[in-house]
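Source file: my_file-v2.cif. Holds: mmCIF, C-alpha atoms and all ligand atoms.
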data_my_file
#
loop_
_atom_site.label_atom_id
_atom_site.label_comp_id
_atom_site.auth_asym_id
_atom_site.auth_seq_id
_atom_site.Cartn_x
_atom_site.Cartn_y
_atom_site.Cartn_z
CA MET Q 27 -5.11 8.89 -22.42
CA ASN Q 28 -2.94 7.67 -19.58
CA PRO Q 29 -3.53 3.90 -19.15
CA HIS Q 30 -3.36 4.18 -15.35
CA LEU Q 31 -6.31 6.56 -15.06
CA SER Q 32 -9.95 5.56 -14.73
CA GLN Q 33 -12.68 7.33 -16.66
CA ALA Q 34 -13.37 9.49 -13.60
CA THR Q 35 -9.77 10.50 -12.88
CA ALA Q 36 -9.01 11.05 -16.60
CA ALA Q 37 -11.96 13.45 -16.99
CA GLY Q 38 -11.37 17.14 -17.59
CA ALA Q 39 -8.22 19.01 -18.60
CA ALA Q 40 -4.74 17.55 -18.07
CA ASP Q 41 -4.20 19.75 -15.02
CA ASP Q 42 -7.55 18.90 -13.42
CA VAL Q 43 -6.66 16.81 -10.38
CA ALA Q 44 -9.92 17.49 -8.51
CA PRO Q 45 -11.34 13.95 -8.79
CA ALA Q 46 -10.57 11.65 -5.88
CA TRP Q 47 -8.18 8.77 -6.56
CA ASP Q 48 -10.34 5.69 -7.10
CA GLY Q 49 -7.71 2.94 -7.18
CA ASP Q 50 -5.36 1.65 -4.51
CA ASN Q 51 -1.99 3.15 -3.64
CA GLU Q 52 -0.02 0.66 -5.73
CA GLN Q 53 -2.03 1.72 -8.77
CA TRP Q 54 -1.38 5.30 -7.74
CA TRP Q 55 2.39 4.74 -7.85
CA ASP Q 56 2.14 3.12 -11.28
CA TRP Q 57 0.28 6.21 -12.52
CA TYR Q 58 2.61 8.65 -10.81
CA MET Q 59 5.78 7.03 -12.14
CA SER Q 60 4.33 7.22 -15.66
CA LEU Q 61 4.54 11.03 -15.38
CA ALA Q 62 8.37 10.98 -15.42
CA GLU Q 63 10.35 11.73 -18.54
CA GLY Q 64 12.54 8.74 -19.43
CA GLY Q 65 16.32 8.73 -19.42
CA PRO Q 66 18.88 6.91 -21.56
CA GLU Q 67 18.55 3.10 -21.51
CA THR Q 68 22.19 2.44 -20.63
CA ALA Q 69 23.42 -1.07 -19.74
CA LEU Q 70 22.67 -2.02 -16.12
CA VAL Q 71 25.70 -1.59 -13.84
CA ASP Q 72 26.58 -4.65 -11.81
CA VAL Q 73 26.36 -3.90 -8.08
CA PRO Q 74 27.60 -6.45 -5.53
CA GLU Q 75 25.17 -8.09 -3.09
CA PRO Q 76 24.94 -6.33 0.28
CA GLU Q 77 27.32 -7.75 2.93
CA SER Q 78 25.91 -10.87 4.53
CA GLY Q 79 28.29 -11.08 7.51
CA PRO Q 80 26.92 -11.61 11.04
CA LEU Q 81 23.85 -9.41 11.47
CA PRO Q 82 22.40 -7.90 14.64
CA ASP Q 83 19.24 -9.54 15.92
CA GLU Q 84 15.93 -7.66 15.98
CA PRO Q 85 16.21 -6.47 19.62
CA ALA Q 86 19.67 -5.08 18.86
CA VAL Q 87 18.35 -3.13 15.86
CA ILE Q 88 15.45 -1.82 17.94
CA ALA Q 89 17.87 -0.79 20.69
CA GLU Q 90 20.06 1.00 18.14
CA LEU Q 91 17.11 2.96 16.82
CA ALA Q 92 16.11 3.97 20.33
CA VAL Q 93 19.32 5.97 20.72
CA PRO Q 94 18.79 9.62 19.77
CA TYR Q 95 21.03 10.97 16.99
CA GLU Q 96 23.24 13.92 17.70
CA LEU Q 97 22.56 16.44 14.95
CA PRO Q 98 25.78 17.80 13.44
CA LEU Q 99 26.27 21.51 14.03
CA GLY Q 100 24.53 23.44 11.27
CA ALA Q 101 22.21 20.61 10.18
CA ALA Q 102 19.01 22.33 11.35
CA GLY Q 103 20.13 25.60 9.74
CA ALA Q 104 20.95 23.80 6.48
CA PHE Q 105 17.50 22.16 6.49
CA ALA Q 106 15.78 25.49 7.13
CA ALA Q 107 17.73 27.18 4.30
CA ASP Q 108 17.91 24.38 1.75
CA GLY Q 109 14.69 22.44 2.44
CA PHE Q 110 16.59 19.16 2.89
CA VAL Q 111 19.61 17.68 4.56
CA VAL Q 112 21.49 14.38 4.19
CA LEU Q 113 22.90 13.07 7.47
CA PRO Q 114 25.66 10.47 7.79
CA ARG Q 115 25.72 7.30 9.96
CA VAL Q 116 22.07 7.47 11.00
CA VAL Q 117 21.88 3.65 10.84
CA THR Q 118 24.63 1.05 11.00
CA PRO Q 119 25.21 -1.27 8.02
CA GLY Q 120 23.92 -4.21 10.08
CA ALA Q 121 20.65 -2.50 11.02
CA ALA Q 122 20.15 -1.37 7.40
CA GLU Q 123 20.61 -4.93 6.15
CA VAL Q 124 18.17 -6.35 8.73
CA LEU Q 125 15.61 -3.73 7.72
CA ARG Q 126 16.24 -4.35 4.02
CA ARG Q 127 15.54 -8.05 4.39
CA ARG Q 128 12.35 -7.30 6.31
CA LEU Q 129 11.13 -4.94 3.59
CA VAL Q 130 11.88 -7.56 0.94
CA ASP Q 131 9.52 -9.91 2.85
CA LEU Q 132 6.89 -7.22 3.36
CA LEU Q 133 6.91 -6.37 -0.35
CA ALA Q 134 6.62 -9.99 -1.49
CA THR Q 135 2.95 -9.67 -2.43
CA THR Q 136 3.06 -6.23 -4.06
CA THR Q 137 2.12 -5.90 -7.69
CA GLY Q 138 3.41 -2.45 -8.68
CA SER Q 139 5.55 -2.42 -11.78
CA SER Q 140 8.16 0.34 -11.77
CA LEU Q 141 8.33 1.32 -8.14
CA ARG Q 142 7.08 -1.37 -5.79
CA ALA Q 143 5.70 0.51 -2.82
CA ARG Q 144 3.83 -0.31 0.34
CA GLU Q 145 2.68 1.85 3.24
CA MET Q 146 1.41 1.32 6.79
CA MET Q 147 3.75 -1.57 7.48
CA TRP Q 148 4.26 -0.25 11.00
CA LEU Q 149 0.79 -1.48 11.94
CA GLU Q 150 1.86 -5.10 11.52
CA ASP Q 151 5.63 -5.27 11.70
CA PRO Q 152 7.49 -4.63 14.99
CA LEU Q 153 10.77 -3.76 13.31
CA VAL Q 154 9.31 -1.19 10.94
CA ARG Q 155 7.25 0.15 13.82
CA ALA Q 156 10.39 0.53 15.95
CA ALA Q 157 12.14 2.31 13.08
CA VAL Q 158 9.45 4.80 12.09
CA LEU Q 159 8.39 5.57 15.66
CA SER Q 160 11.99 5.66 16.86
CA PRO Q 161 13.49 8.44 18.94
CA ARG Q 162 16.35 8.37 16.41
CA ILE Q 163 14.42 8.98 13.17
CA ALA Q 164 11.42 10.87 14.52
CA GLY Q 165 13.72 12.77 16.90
CA ILE Q 166 15.80 14.04 13.97
CA CYS Q 167 12.61 15.11 12.19
CA ALA Q 168 11.37 17.03 15.23
CA ALA Q 169 14.71 18.79 15.64
CA LEU Q 170 14.92 19.73 11.95
CA LEU Q 171 11.34 20.96 11.80
CA GLY Q 172 11.68 22.76 15.14
CA HIS Q 173 8.47 21.21 16.49
CA ASP Q 174 8.28 19.10 19.65
CA THR Q 175 5.15 17.17 18.82
CA LEU Q 176 5.04 15.27 15.55
CA ARG Q 177 2.54 12.75 14.25
CA LEU Q 178 3.19 9.99 11.76
CA TYR Q 179 1.46 10.34 8.36
CA HIS Q 180 2.69 7.05 6.94
CA ASP Q 181 5.70 4.83 6.44
CA SER Q 182 6.64 3.57 3.00
CA ALA Q 183 8.79 0.93 1.40
CA LEU Q 184 10.04 2.25 -1.93
CA CYS Q 185 11.69 -0.46 -4.00
CA LYS Q 186 12.87 0.60 -7.43
CA GLU Q 187 13.61 -2.50 -9.46
CA PRO Q 188 16.59 -2.81 -11.82
CA GLY Q 189 15.73 -0.97 -15.03
CA ALA Q 190 12.88 1.06 -13.49
CA GLY Q 191 12.74 4.69 -14.58
CA ARG Q 192 12.95 8.08 -12.92
CA THR Q 193 10.64 9.39 -10.22
CA PRO Q 194 9.11 12.65 -11.55
CA TRP Q 195 9.97 16.03 -10.06
CA HIS Q 196 7.48 16.96 -7.37
CA HIS Q 197 7.10 18.42 -3.92
CA ASP Q 198 5.16 16.55 -1.30
CA ALA Q 199 2.92 19.50 -0.43
CA HIS Q 200 1.14 18.58 -3.67
CA HIS Q 201 0.63 15.03 -2.37
CA PHE Q 202 -0.19 15.14 1.30
CA PRO Q 203 -3.70 16.43 1.98
CA LEU Q 204 -2.52 18.40 5.02
CA ASP Q 205 -3.00 22.12 5.58
CA SER Q 206 0.48 22.58 7.05
CA HIS Q 207 3.99 23.24 5.73
CA ASP Q 208 5.46 21.68 8.87
CA VAL Q 209 5.71 18.29 7.22
CA ILE Q 210 8.93 16.33 6.78
CA SER Q 211 9.84 13.08 5.07
CA THR Q 212 12.77 10.79 5.67
CA TRP Q 213 14.36 8.62 2.97
CA MET Q 214 16.52 5.84 4.39
CA PRO Q 215 18.28 3.73 1.76
CA LEU Q 216 18.88 0.19 2.97
CA GLN Q 217 21.92 -0.31 0.77
CA ALA Q 218 24.36 2.22 -0.63
CA VAL Q 219 22.82 4.13 -3.54
CA PRO Q 220 25.43 4.92 -6.20
CA ALA Q 221 24.57 7.41 -8.96
CA ALA Q 222 23.50 4.60 -11.30
CA MET Q 223 20.90 3.34 -8.78
CA GLY Q 224 18.98 6.63 -8.73
CA PRO Q 225 19.53 8.51 -5.46
CA LEU Q 226 16.92 10.99 -4.33
CA SER Q 227 18.03 14.46 -5.44
CA PHE Q 228 16.86 17.81 -4.21
CA ALA Q 229 16.39 21.32 -5.63
CA ARG Q 230 18.18 23.53 -3.14
CA GLY Q 231 16.30 26.34 -1.41
CA MET Q 232 13.34 26.27 0.97
CA ASP Q 233 11.67 28.91 -1.23
CA THR Q 234 12.42 27.29 -4.60
CA TRP Q 235 8.86 25.96 -4.83
CA ARG Q 236 7.66 29.53 -5.34
CA LEU Q 237 9.41 29.60 -8.75
CA LEU Q 238 7.43 26.55 -9.79
CA ALA Q 239 4.06 27.33 -8.23
CA ASP Q 240 2.38 28.39 -11.49
CA LEU Q 241 3.48 25.46 -13.65
CA PRO Q 242 0.42 23.52 -14.79
CA PHE Q 243 0.38 19.94 -13.55
CA ASP Q 244 -0.01 17.20 -16.16
CA LYS Q 245 -1.90 14.10 -15.02
CA VAL Q 246 -1.60 12.46 -18.43
CA GLY Q 247 2.00 12.81 -19.60
CA THR Q 248 5.47 14.00 -18.67
CA SER Q 249 5.17 17.73 -19.39
CA TYR Q 250 5.11 18.79 -15.72
CA ASP Q 251 8.27 16.84 -14.95
CA LEU Q 252 9.95 18.43 -17.97
CA ARG Q 253 8.74 21.93 -17.14
CA VAL Q 254 10.04 21.67 -13.57
CA SER Q 255 13.51 20.60 -14.70
CA GLU Q 256 13.59 23.37 -17.34
CA ALA Q 257 12.44 26.01 -14.84
CA LEU Q 258 15.05 24.90 -12.30
CA ARG Q 259 17.76 25.05 -14.96
CA GLU Q 260 16.65 28.47 -16.21
CA ALA Q 261 16.61 29.88 -12.67
CA GLY Q 262 20.05 28.43 -11.93
CA VAL Q 263 18.78 26.42 -8.96
CA VAL Q 264 21.43 24.05 -7.61
CA VAL Q 265 20.31 20.43 -7.61
CA HIS Q 266 21.92 18.22 -4.97
CA ASP Q 267 22.36 14.91 -6.79
CA GLU Q 268 24.83 12.76 -4.90
CA PRO Q 269 25.23 9.07 -4.12
CA PHE Q 270 24.15 7.86 -0.67
CA ALA Q 271 26.69 5.91 1.39
CA LEU Q 272 25.24 3.11 3.49
CA GLY Q 273 23.95 4.77 6.67
CA ASP Q 274 23.23 8.15 5.02
CA VAL Q 275 19.61 9.22 5.46
CA SER Q 276 17.97 12.27 3.91
CA PHE Q 277 15.24 14.48 5.33
CA HIS Q 278 13.21 16.81 3.12
CA SER Q 279 10.56 19.41 3.73
CA THR Q 280 7.16 19.06 2.11
CA LEU Q 281 8.10 22.20 0.14
CA CYS Q 282 11.33 20.78 -1.30
CA PHE Q 283 11.19 19.75 -4.94
CA HIS Q 284 12.87 16.40 -5.48
CA THR Q 285 13.25 13.63 -8.02
CA ALA Q 286 15.10 10.32 -8.21
CA GLY Q 287 17.08 8.83 -11.05
CA ALA Q 288 16.34 5.58 -12.83
CA ASN Q 289 17.77 2.41 -11.33
CA ARG Q 290 20.36 1.41 -13.95
CA THR Q 291 21.92 -1.29 -11.73
CA THR Q 292 21.36 -4.99 -11.35
CA ARG Q 293 20.03 -4.70 -7.78
CA PRO Q 294 16.76 -3.28 -6.41
CA ARG Q 295 16.99 0.11 -4.69
CA MET Q 296 15.27 -0.46 -1.35
CA VAL Q 297 14.32 2.51 0.81
CA LEU Q 298 12.37 2.91 4.03
CA GLY Q 299 10.56 6.24 4.00
CA ALA Q 300 8.30 7.93 6.52
CA THR Q 301 6.47 11.24 6.77
CA TYR Q 302 5.66 13.22 9.92
CA TYR Q 303 3.78 16.46 10.55
CA ALA Q 304 3.45 18.91 13.38
CA ASP Q 305 0.48 18.09 15.59
CA GLY Q 306 -2.47 20.36 14.85
CA ALA Q 307 -2.53 19.95 11.06
CA ARG Q 308 -5.90 19.36 9.44
CA VAL Q 309 -6.91 17.50 6.33
CA ILE Q 310 -7.40 20.08 3.58
CA ASP Q 311 -10.94 20.85 2.42
CA HIS Q 312 -10.52 19.33 -1.03
CA PRO Q 313 -8.02 16.47 -1.26
CA THR Q 314 -7.22 15.55 -4.88
CA MET Q 315 -6.24 12.43 -6.83
CA VAL Q 316 -2.59 13.35 -6.19
CA SER Q 317 -3.12 12.29 -2.58
CA GLY Q 318 -3.93 8.72 -3.60
CA ASP Q 319 -5.99 6.71 -1.11
CA TRP Q 320 -5.19 9.10 1.77
CA ARG Q 321 -8.02 7.71 3.89
CA LEU Q 322 -5.86 4.68 4.52
CA PHE Q 323 -3.35 6.96 6.25
CA VAL Q 324 -5.81 9.22 8.09
CA PRO Q 325 -8.94 7.12 8.59
CA ASP Q 326 -12.16 8.24 10.30
CA THR Q 327 -11.37 11.82 9.36
CA GLU Q 328 -13.23 14.08 6.97
CA PRO Q 329 -11.75 16.95 4.96
CA GLY Q 330 -11.31 19.99 7.19
CA GLN Q 331 -10.93 17.94 10.39
CA PRO Q 332 -7.75 17.61 12.48
CA ALA Q 333 -5.47 14.83 11.21
CA ALA Q 334 -5.20 12.98 14.50
CA SER Q 335 -6.55 9.49 13.92
CA ALA Q 336 -5.37 6.37 15.72
CA ARG Q 337 -3.09 5.76 12.72
CA ASN Q 338 -1.32 9.07 13.29
CA PRO Q 339 0.41 8.48 16.61
CA ILE Q 340 2.40 11.16 18.30
CA VAL Q 341 6.02 10.13 17.85
CA THR Q 342 7.87 12.87 19.71
CA GLY Q 343 7.16 15.27 22.53
CA PRO Q 344 4.55 15.02 25.26
CA LEU Q 345 1.53 12.76 24.73
CA PRO Q 346 -1.84 14.57 24.68
CA ASP Q 347 -4.28 14.07 27.58
CA ASP Q 348 -7.00 12.68 25.35
CA GLY Q 349 -5.14 9.43 24.74
CA SER Q 350 -4.74 10.07 21.00
CA GLY Q 351 -1.02 9.46 21.28
CA LEU Q 352 -1.11 5.67 21.77
CA VAL Q 353 1.96 3.67 20.92
CA ARG Q 354 5.21 4.93 22.39
O1 LIG I 1 12.00 6.82 -3.80
C1 LIG I 1 11.65 7.52 -4.74
O2 LIG I 1 12.02 7.32 -5.90
C2 LIG I 1 10.73 8.70 -4.51
C3 LIG I 1 10.55 9.01 -3.06
C4 LIG I 1 9.93 10.32 -2.78
O3 LIG I 1 9.53 11.06 -3.65
C5 LIG I 1 9.79 10.72 -1.38
O4 LIG I 1 10.20 9.97 -0.48
O5 LIG I 1 9.25 11.81 -1.13
#
Could I get this file's structure written as structure tokens?
Amino acid sequence: MNPHLSQATAAGAADDVAPAWDGDNEQWWDWYMSLAEGGPETALVDVPEPESGPLPDEPAVIAELAVPYELPLGAAGAFAADGFVVLPRVVTPGAAEVLRRRLVDLLATTTGSSLRAREMMWLEDPLVRAAVLSPRIAGICAALLGHDTLRLYHDSALCKEPGAGRTPWHHDAHHFPLDSHDVISTWMPLQAVPAAMGPLSFARGMDTWRLLADLPFDKVGTSYDLRVSEALREAGVVVHDEPFALGDVSFHSTLCFHTAGANRTTRPRMVLGATYYADGARVIDHPTMVSGDWRLFVPDTEPGQPAASARNPIVTGPLPDDGSGLVR
């Protein structure tokens, strides 16, 4: 029995994820992180505090994020082939530090244990809103996905505390209850992420998920995580597992299998994430417990209906005539 599951979600076989998630999204993360195989409990590496020199004010950070990013030659092709890309200098160190401090405040009341997470901050915080709706971040996503009109699924603060374990191997198509593969997530570390802090790492190849499609999920223990890493090793799939310099931001397709290492440093690993999808996607007919409390992200929408609620603003491209674009 997994201690994070209720009677209803624990029912059935270990790969039966049909029940709806009946807790909140913090409880979901506690459950999900429990599905990762542990690593060695090495001593925590001392990491210096982030620079605290003069920081830009909030309007300056917002102005920075409003400037579109020039994609390096080959970035869109690399994303299409590999399923992910890591881009340099997407944010300045000053903007990252201002955002990091804001996320520390926004996470102050969270209760999650291994990965403290929070979504939908953009609804209340102008800085997070400016970041996740920004021409810079959303613009990169649109260019990589090759779609003009993207909607926001949700933002997320992902704070892995010192000593917290690995994030299990997964691809987001298993998580998001959307009927589209045109879904992309950004992972913006708000401090450098050395190897010991647990960078996000990616199984190379947009089609790699096909090798793993028949592996039975395990909602109780760590066997799925283990099976994915074994299958990747057996197939000789290259895993991109590199530190992130401050300012590096990764972008991964919903099809890309990824994991993150344990945080074996003395400082929290703070990340601002966000997920976007091409306008026109619908909520799948049967969302599962792996989607957590998805109704928070796509309210007033039933399975099978277009995912176009007021919480899914259009972030790039032309606004629709029906006013469902709102906030830009
Ligand atoms: O931050 C992490 O450890 C996991 C994040 C993740 O899986 C994602 O952003 O898709």
>> As a quick test: using all atoms listed in the file, which residues lie no more than 8 Å away from ligand LIG 1 (chain I)? Give them as a PyMOL selection string.
In response: chain Q and resi 141+184-186+192-193+196-198+211-213+224-226+278+284-287+297+299-300
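For the choices Q:Trp148, Q:Phe228, Q:Tyr58, Q:Tyr250, the atom-to-atom distance to Phe277 in chain Q is smallest for Q:Phe228 when using only C-alpha atoms.
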> Quick one: residues within 10 Å of Ser317 in chain Q, all atoms listed in the file counted, chain neighbours fewer than 2 positions away excluded, as a list in words?
Replying inline: Val43, Ala46, Trp47, Asn51, Trp54, Asp198, Ala199, His200, His201, Phe202, Pro203, Leu204, Pro313, Thr314, Met315, Asp319, Trp320 and Arg321 of chain Q
> So which residues touch Arg142 in chain Q within 9 Å, counting all atoms listed in the file, skipping near sequence neighbours fewer than 6 positions away, as number ranges by chain?
Replying inline: Q: 52, 55-56, 133, 136, 183-187
>> Could you check the closest approach to Leu176 in chain Q for each of Q:Val209, Q:Val87, Q:Met147, Q:Leu153 and tell me which residue wins, using all atoms listed in the file?
In response: Q:Val209
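The shortest atom-to-atom distance to Pro215 in chain Q, with only C-alpha atoms taken into account, belongs to Q:Thr118 out of Q:Ser335, Q:Thr234, Q:Asn28, Q:Thr118.
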> What is the distance, in Å and to one decimal place, between CA of Ala102 in chain Q and CA of Val154 in chain Q?
Replying inline: 25.4 Å
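Atom pair CA of Val112 in chain Q / CA of Met232 in chain Q: separated by 14.8 Å.
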